[in-house]
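Input: a single structure, listed below in structure tokens.
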Amino acid sequence: MTASVKPIVTRKDQEHTGTGQSGGAKRISGVSPQHTPATKIWFGKVSNEPGYRSLPHHHGEAETGGYVLKGKGRIYWGENYEEFIDMAEGDFVFVPPMMPHVEVNMSTTEELVWMTCRTPDNIVVNLEDVPDEILVGYVAPAR
């Protein structure tokens with residue numbers, strides 16, 4: 001970094017929205033190479049409306065860390081997405097590189113909001129969708 005690089009603030013409602021998306025998981029970035037001098041980090045917010053889920057996806061070689069700000073979520077992974085782990089407000093989560101998974105808002109009335117950090121970029125590789133019925137305990141919203 002050069003002497004001309006300085007701290008940058010991304011103001012509320014000015015986040016970068018041109019980031020990788022995955023179905024019902026909406027991602028925006030506050031710190032990323034796309035709109036700050038950052039070169040080795042992507043840091044943003046992910047939200048799922050009540051009952052919504054992401055498409056199956058992975059994040060390439062990127063390691064992912066998350067922190068649940070609000071709501072109750074679940075991440076499915078493994079063969080036919082049979083394995084899962086639940087998260088609630090205040091929980092941190094790590095998702096390894098190349099791991100196919102589905103992110104779900106387990107509430108049908110409350111939004112799920114979490115902060116996510118990746119190295120080096122927000123890589124989102126969407127995979128073939130799966131029927132809601134194979135995701136144990138998931139209740140899809142009426143559409």
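Residues in the structure tokens are named by chain (A, B, ... in the order shown) and by number from 1 within that chain; ligands are numbered from 1 in the order shown.
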Need the shell around Pro97 of chain A: protein/DNA/RNA residues with any atom at most 10 Å away, counting only C-alpha atoms. Skip same-chain ones fewer than 3 positions apart. Format as a JSON list (two decimals) with N, CA and C atoms, in the first residue's frame?
```json
[["chain", "number", "residue", "atom", "x", "y", "z"],
["A", 58, "HIS", "N", -20.83, -22.84, -3.75],
["A", 58, "HIS", "CA", -19.60, -22.84, -2.95],
["A", 58, "HIS", "C", -18.86, -21.55, -3.25],
["A", 59, "HIS", "N", -17.78, -21.33, -2.53],
["A", 59, "HIS", "CA", -17.04, -20.08, -2.65],
["A", 59, "HIS", "C", -15.62, -20.29, -3.16],
["A", 60, "GLY", "N", -15.46, -21.27, -4.05],
["A", 60, "GLY", "CA", -14.16, -21.50, -4.66],
["A", 60, "GLY", "C", -13.09, -21.73, -3.61],
["A", 61, "GLU", "N", -11.92, -21.16, -3.84],
["A", 61, "GLU", "CA", -10.79, -21.33, -2.92],
["A", 61, "GLU", "C", -10.89, -20.44, -1.68],
["A", 62, "ALA", "N", -11.91, -19.61, -1.61],
["A", 62, "ALA", "CA", -12.04, -18.66, -0.50],
["A", 62, "ALA", "C", -12.47, -19.35, 0.79],
["A", 63, "GLU", "N", -11.82, -18.98, 1.88],
["A", 63, "GLU", "CA", -12.29, -19.35, 3.20],
["A", 63, "GLU", "C", -13.36, -18.32, 3.59],
["A", 64, "THR", "N", -14.40, -18.77, 4.30],
["A", 64, "THR", "CA", -15.50, -17.89, 4.66],
["A", 64, "THR", "C", -15.72, -17.90, 6.16],
["A", 94, "PHE", "N", -17.64, -20.93, 10.28],
["A", 94, "PHE", "CA", -16.58, -21.06, 9.27],
["A", 94, "PHE", "C", -17.05, -22.05, 8.23],
["A", 100, "PRO", "N", -19.70, -27.32, -1.17],
["A", 100, "PRO", "CA", -21.07, -27.02, -1.59],
["A", 100, "PRO", "C", -21.98, -26.94, -0.36],
["A", 118, "ARG", "N", -14.49, -12.96, 3.48],
["A", 118, "ARG", "CA", -13.84, -13.95, 2.62],
["A", 118, "ARG", "C", -12.49, -13.45, 2.17],
["A", 119, "THR", "N", -11.63, -14.42, 1.88],
["A", 119, "THR", "CA", -10.36, -14.09, 1.24],
["A", 119, "THR", "C", -10.28, -14.87, -0.05]]
```
If you count only C-alpha atoms, which residues fall within 9 Å of Asn122 of chain A, apart from same-chain ones fewer than 5 positions away, as a compact mmCIF listing (two decimals) with N, CA, C and O atoms, in the first residue's frame?
```txt
# COMPACT_ATOMS: atom_id res chain seq x y z
N THR A 19 -22.19 -7.76 -6.36
CA THR A 19 -21.45 -8.91 -5.89
C THR A 19 -22.18 -10.20 -6.25
O THR A 19 -23.35 -10.16 -6.63
N GLY A 20 -21.51 -11.33 -6.12
CA GLY A 20 -22.10 -12.62 -6.46
C GLY A 20 -23.33 -12.91 -5.61
O GLY A 20 -23.32 -12.69 -4.40
N SER A 29 -21.43 -5.65 -0.25
CA SER A 29 -20.12 -5.53 0.40
C SER A 29 -19.88 -4.12 0.90
O SER A 29 -20.28 -3.14 0.28
N SER A 32 -14.33 -4.22 -0.16
CA SER A 32 -13.95 -5.18 -1.19
C SER A 32 -13.08 -4.49 -2.24
O SER A 32 -13.07 -3.27 -2.32
N ILE A 41 -9.27 -9.00 0.90
CA ILE A 41 -10.41 -9.27 1.76
C ILE A 41 -11.70 -8.83 1.09
O ILE A 41 -11.73 -7.85 0.35
N TRP A 42 -12.76 -9.58 1.35
CA TRP A 42 -14.12 -9.19 1.01
C TRP A 42 -14.91 -9.26 2.31
O TRP A 42 -14.89 -10.28 3.01
N PHE A 43 -15.59 -8.18 2.67
CA PHE A 43 -16.34 -8.12 3.92
C PHE A 43 -17.70 -7.51 3.62
O PHE A 43 -17.77 -6.42 3.05
N GLY A 44 -18.75 -8.25 3.94
CA GLY A 44 -20.06 -7.75 3.59
C GLY A 44 -21.16 -8.30 4.45
O GLY A 44 -20.93 -8.97 5.46
N HIS A 59 -17.78 -21.33 -2.53
CA HIS A 59 -17.04 -20.08 -2.65
C HIS A 59 -15.62 -20.29 -3.16
O HIS A 59 -14.70 -19.57 -2.78
N ALA A 62 -11.91 -19.61 -1.61
CA ALA A 62 -12.04 -18.66 -0.50
C ALA A 62 -12.47 -19.35 0.79
O ALA A 62 -13.37 -20.18 0.79
N CYS A 117 -17.06 -12.57 5.83
CA CYS A 117 -15.73 -12.16 5.41
C CYS A 117 -15.10 -13.29 4.61
O CYS A 117 -15.21 -14.46 4.99
```
In Å, rounded to a single decimal, give me how far atom CA of Met115 of chain A is from atom CA of Leu135 of chain A. 23.5 Å
For Gly90 of chain A, list every protein, DNA or RNA residue within 8 Å, evaluated using only C-alpha atoms, and leave out those in the same chain fewer than 6 positions away; present the list as a PyMOL selection string. chain A and resi 67-70
Val139 of chain A environment, 10 Å, only C-alpha atoms, sequence neighbours closer than 4 positions dropped, as a list in words: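 After dropping sequence-adjacent residues, the list is Gly51, Tyr52, Arg53, Val104, Asn105, Met106, Ser107, Thr108, Asp132, Glu133 and Leu135 of chain A.
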Using the chain letters and numbers from this document, which residues of segment 24-136 of chain A does DSSP assign to helix (DSSP H, G or I), as a tab-separated table (two decimals) with all heavy atoms, in the first residue's frame?
```
chain	number	residue	atom	x	y	z
A	79	GLU	N	-23.40	-35.02	1.32
A	79	GLU	CA	-24.11	-35.73	0.25
A	79	GLU	C	-25.60	-35.44	0.34
A	79	GLU	O	-26.22	-35.61	1.40
A	79	GLU	CB	-23.86	-37.24	0.36
A	79	GLU	CG	-24.42	-38.01	-0.81
A	79	GLU	CD	-24.02	-39.48	-0.78
A	79	GLU	OE1	-23.03	-39.83	-0.13
A	79	GLU	OE2	-24.72	-40.26	-1.44
A	80	ASN	N	-26.18	-34.98	-0.76
A	80	ASN	CA	-27.59	-34.59	-0.81
A	80	ASN	C	-27.96	-33.57	0.26
A	80	ASN	O	-29.12	-33.51	0.69
A	80	ASN	CB	-28.50	-35.82	-0.73
A	80	ASN	CG	-28.38	-36.69	-1.95
A	80	ASN	OD1	-28.32	-36.20	-3.07
A	80	ASN	ND2	-28.31	-37.99	-1.74
A	81	TYR	N	-26.97	-32.83	0.73
A	81	TYR	CA	-27.19	-31.78	1.74
A	81	TYR	C	-27.88	-32.33	2.99
A	81	TYR	O	-28.73	-31.69	3.59
A	81	TYR	CB	-27.95	-30.59	1.13
A	81	TYR	CG	-27.20	-30.03	-0.05
A	81	TYR	CD1	-27.53	-30.42	-1.35
A	81	TYR	CD2	-26.13	-29.17	0.13
A	81	TYR	CE1	-26.81	-29.94	-2.44
A	81	TYR	CE2	-25.40	-28.69	-0.96
A	81	TYR	CZ	-25.76	-29.09	-2.23
A	81	TYR	OH	-25.04	-28.62	-3.31
A	132	ASP	N	-36.75	-28.36	-2.28
A	132	ASP	CA	-36.83	-27.94	-0.88
A	132	ASP	C	-37.00	-29.15	0.05
A	132	ASP	O	-36.49	-29.16	1.16
A	132	ASP	CB	-38.03	-27.00	-0.67
A	132	ASP	CG	-37.84	-25.65	-1.35
A	132	ASP	OD1	-36.69	-25.26	-1.64
A	132	ASP	OD2	-38.87	-24.99	-1.58
A	133	GLU	N	-37.71	-30.17	-0.41
A	133	GLU	CA	-38.05	-31.31	0.43
A	133	GLU	C	-36.84	-32.10	0.93
A	133	GLU	O	-36.95	-32.79	1.94
A	133	GLU	CB	-38.99	-32.27	-0.33
A	133	GLU	CG	-40.34	-31.67	-0.70
A	133	GLU	CD	-40.26	-30.68	-1.88
A	133	GLU	OE1	-39.43	-30.87	-2.78
A	133	GLU	OE2	-41.01	-29.69	-1.86
A	134	ILE	N	-35.69	-32.03	0.26
A	134	ILE	CA	-34.53	-32.80	0.74
A	134	ILE	C	-33.82	-32.10	1.89
A	134	ILE	O	-33.00	-32.70	2.56
A	134	ILE	CB	-33.53	-33.13	-0.39
A	134	ILE	CG1	-32.72	-31.90	-0.80
A	134	ILE	CG2	-34.20	-33.81	-1.56
A	134	ILE	CD1	-31.46	-32.25	-1.55
```
In Å, with one decimal, what is the gap from atom CA of Asn126 of chain A to atom CA of Gln14 of chain A?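 If I compute the distance from atom CA of Asn126 of chain A to atom CA of Gln14 of chain A, I get 25.7 Å.
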Calculated over only C-alpha atoms, which of the candidates A:Val31, A:Ala38, A:Ala25, A:Val93 has the smallest distance to Gly66 of chain A?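 Comparing A:Val31, A:Ala38, A:Ala25, A:Val93 against Gly66 of chain A, the winner is A:Val93.
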To one decimal in Å, tell me the separation between atom CA of Glu89 of chain A and atom CA of His57 of chain A.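 Answer for the atom CA of Glu89 of chain A to atom CA of His57 of chain A separation: 23.1 Å.
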List the neighbours of Leu55 of chain A out to 9 Å using only C-alpha atoms; skip same-chain residues closer than 4 positions along the sequence, and give me the result as a compact mmCIF listing (two decimals) with all heavy atoms, in the first residue's frame.
```txt
# COMPACT_ATOMS: atom_id res chain seq x y z
N SER A 22 -26.87 -15.63 -4.83
CA SER A 22 -27.22 -17.04 -4.84
C SER A 22 -28.65 -17.22 -4.37
O SER A 22 -28.90 -17.44 -3.19
CB SER A 22 -26.26 -17.82 -3.94
OG SER A 22 -26.56 -19.19 -3.97
N GLY A 23 -29.59 -17.07 -5.28
CA GLY A 23 -31.00 -17.27 -4.92
C GLY A 23 -31.46 -16.29 -3.87
O GLY A 23 -31.26 -15.09 -3.99
N GLY A 24 -32.04 -16.81 -2.78
CA GLY A 24 -32.61 -15.97 -1.74
C GLY A 24 -31.61 -15.35 -0.79
O GLY A 24 -31.99 -14.65 0.13
N ALA A 25 -30.31 -15.59 -0.97
CA ALA A 25 -29.29 -14.96 -0.14
C ALA A 25 -28.78 -13.72 -0.88
O ALA A 25 -28.18 -13.83 -1.93
CB ALA A 25 -28.14 -15.93 0.12
N HIS A 101 -22.83 -25.91 -0.31
CA HIS A 101 -23.72 -25.74 0.82
C HIS A 101 -24.94 -24.90 0.42
O HIS A 101 -24.95 -24.28 -0.63
CB HIS A 101 -22.99 -25.11 2.02
CG HIS A 101 -22.45 -23.74 1.76
ND1 HIS A 101 -21.29 -23.52 1.03
CD2 HIS A 101 -22.90 -22.51 2.11
CE1 HIS A 101 -21.06 -22.22 0.95
NE2 HIS A 101 -22.03 -21.58 1.60
N VAL A 102 -25.94 -24.92 1.31
CA VAL A 102 -27.15 -24.13 1.15
C VAL A 102 -27.35 -23.36 2.45
O VAL A 102 -27.29 -23.95 3.53
CB VAL A 102 -28.39 -25.03 0.89
CG1 VAL A 102 -29.66 -24.20 0.81
CG2 VAL A 102 -28.21 -25.84 -0.39
N GLU A 103 -27.58 -22.05 2.34
CA GLU A 103 -27.81 -21.20 3.51
C GLU A 103 -29.31 -20.93 3.61
O GLU A 103 -29.92 -20.51 2.62
CB GLU A 103 -27.06 -19.88 3.35
CG GLU A 103 -25.57 -20.07 3.17
CD GLU A 103 -24.90 -18.89 2.47
OE1 GLU A 103 -25.59 -17.90 2.13
OE2 GLU A 103 -23.70 -18.96 2.23
N ASN A 126 -22.63 -20.83 -8.19
CA ASN A 126 -23.93 -21.47 -8.00
C ASN A 126 -23.94 -22.85 -8.65
O ASN A 126 -23.37 -23.05 -9.72
CB ASN A 126 -25.04 -20.60 -8.58
CG ASN A 126 -25.29 -19.38 -7.74
OD1 ASN A 126 -25.39 -19.47 -6.52
ND2 ASN A 126 -25.39 -18.23 -8.37
N LEU A 127 -24.58 -23.79 -7.97
CA LEU A 127 -24.67 -25.18 -8.43
C LEU A 127 -26.12 -25.50 -8.76
O LEU A 127 -27.02 -24.68 -8.54
CB LEU A 127 -24.15 -26.11 -7.33
CG LEU A 127 -22.73 -25.81 -6.84
CD1 LEU A 127 -22.40 -26.64 -5.61
CD2 LEU A 127 -21.72 -26.05 -7.95
N GLU A 128 -26.35 -26.69 -9.26
CA GLU A 128 -27.70 -27.11 -9.61
C GLU A 128 -28.60 -27.08 -8.38
O GLU A 128 -28.21 -27.54 -7.30
CB GLU A 128 -27.67 -28.53 -10.19
CG GLU A 128 -29.01 -29.03 -10.68
CD GLU A 128 -28.92 -30.40 -11.33
OE1 GLU A 128 -27.85 -30.77 -11.83
OE2 GLU A 128 -29.95 -31.09 -11.33
N ASP A 129 -29.79 -26.52 -8.53
CA ASP A 129 -30.71 -26.42 -7.41
C ASP A 129 -31.20 -27.80 -6.99
O ASP A 129 -31.11 -28.78 -7.75
CB ASP A 129 -31.90 -25.52 -7.78
CG ASP A 129 -32.59 -24.94 -6.55
OD1 ASP A 129 -32.11 -25.16 -5.40
OD2 ASP A 129 -33.61 -24.26 -6.71
N VAL A 130 -31.70 -27.87 -5.77
CA VAL A 130 -32.26 -29.11 -5.22
C VAL A 130 -33.68 -28.82 -4.74
O VAL A 130 -34.02 -27.67 -4.42
CB VAL A 130 -31.40 -29.65 -4.06
CG1 VAL A 130 -30.03 -30.07 -4.55
CG2 VAL A 130 -31.28 -28.64 -2.93
```
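Residue nearest Val113 of chain A, chosen from A:Glu49, A:Thr10, A:Val95, A:Gly65 and counting only C-alpha atoms: A:Glu49.
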Can you check which residues of chain A DSSP gives as strand (DSSP E) on the backbone and send them as number ranges by chain? A: 25-31, 42-48, 57-58, 63-70, 72-77, 83-88, 92-95, 101-105, 112-119, 125-126
I'd like to know which of A:Ser4, A:Ser54, A:Thr116, A:Thr109 is closest to Ile28 of chain A, using only C-alpha atoms.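 Using only C-alpha atoms, Ile28 of chain A sits closest to A:Thr116.
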For a quick check of understanding, using only C-alpha atoms, which of A:Glu111, A:Glu82, A:Asp121, A:Asp13 has the smallest distance to Pro33 of chain A?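 Answer, going by the shortest atom-to-atom distance: A:Asp121.
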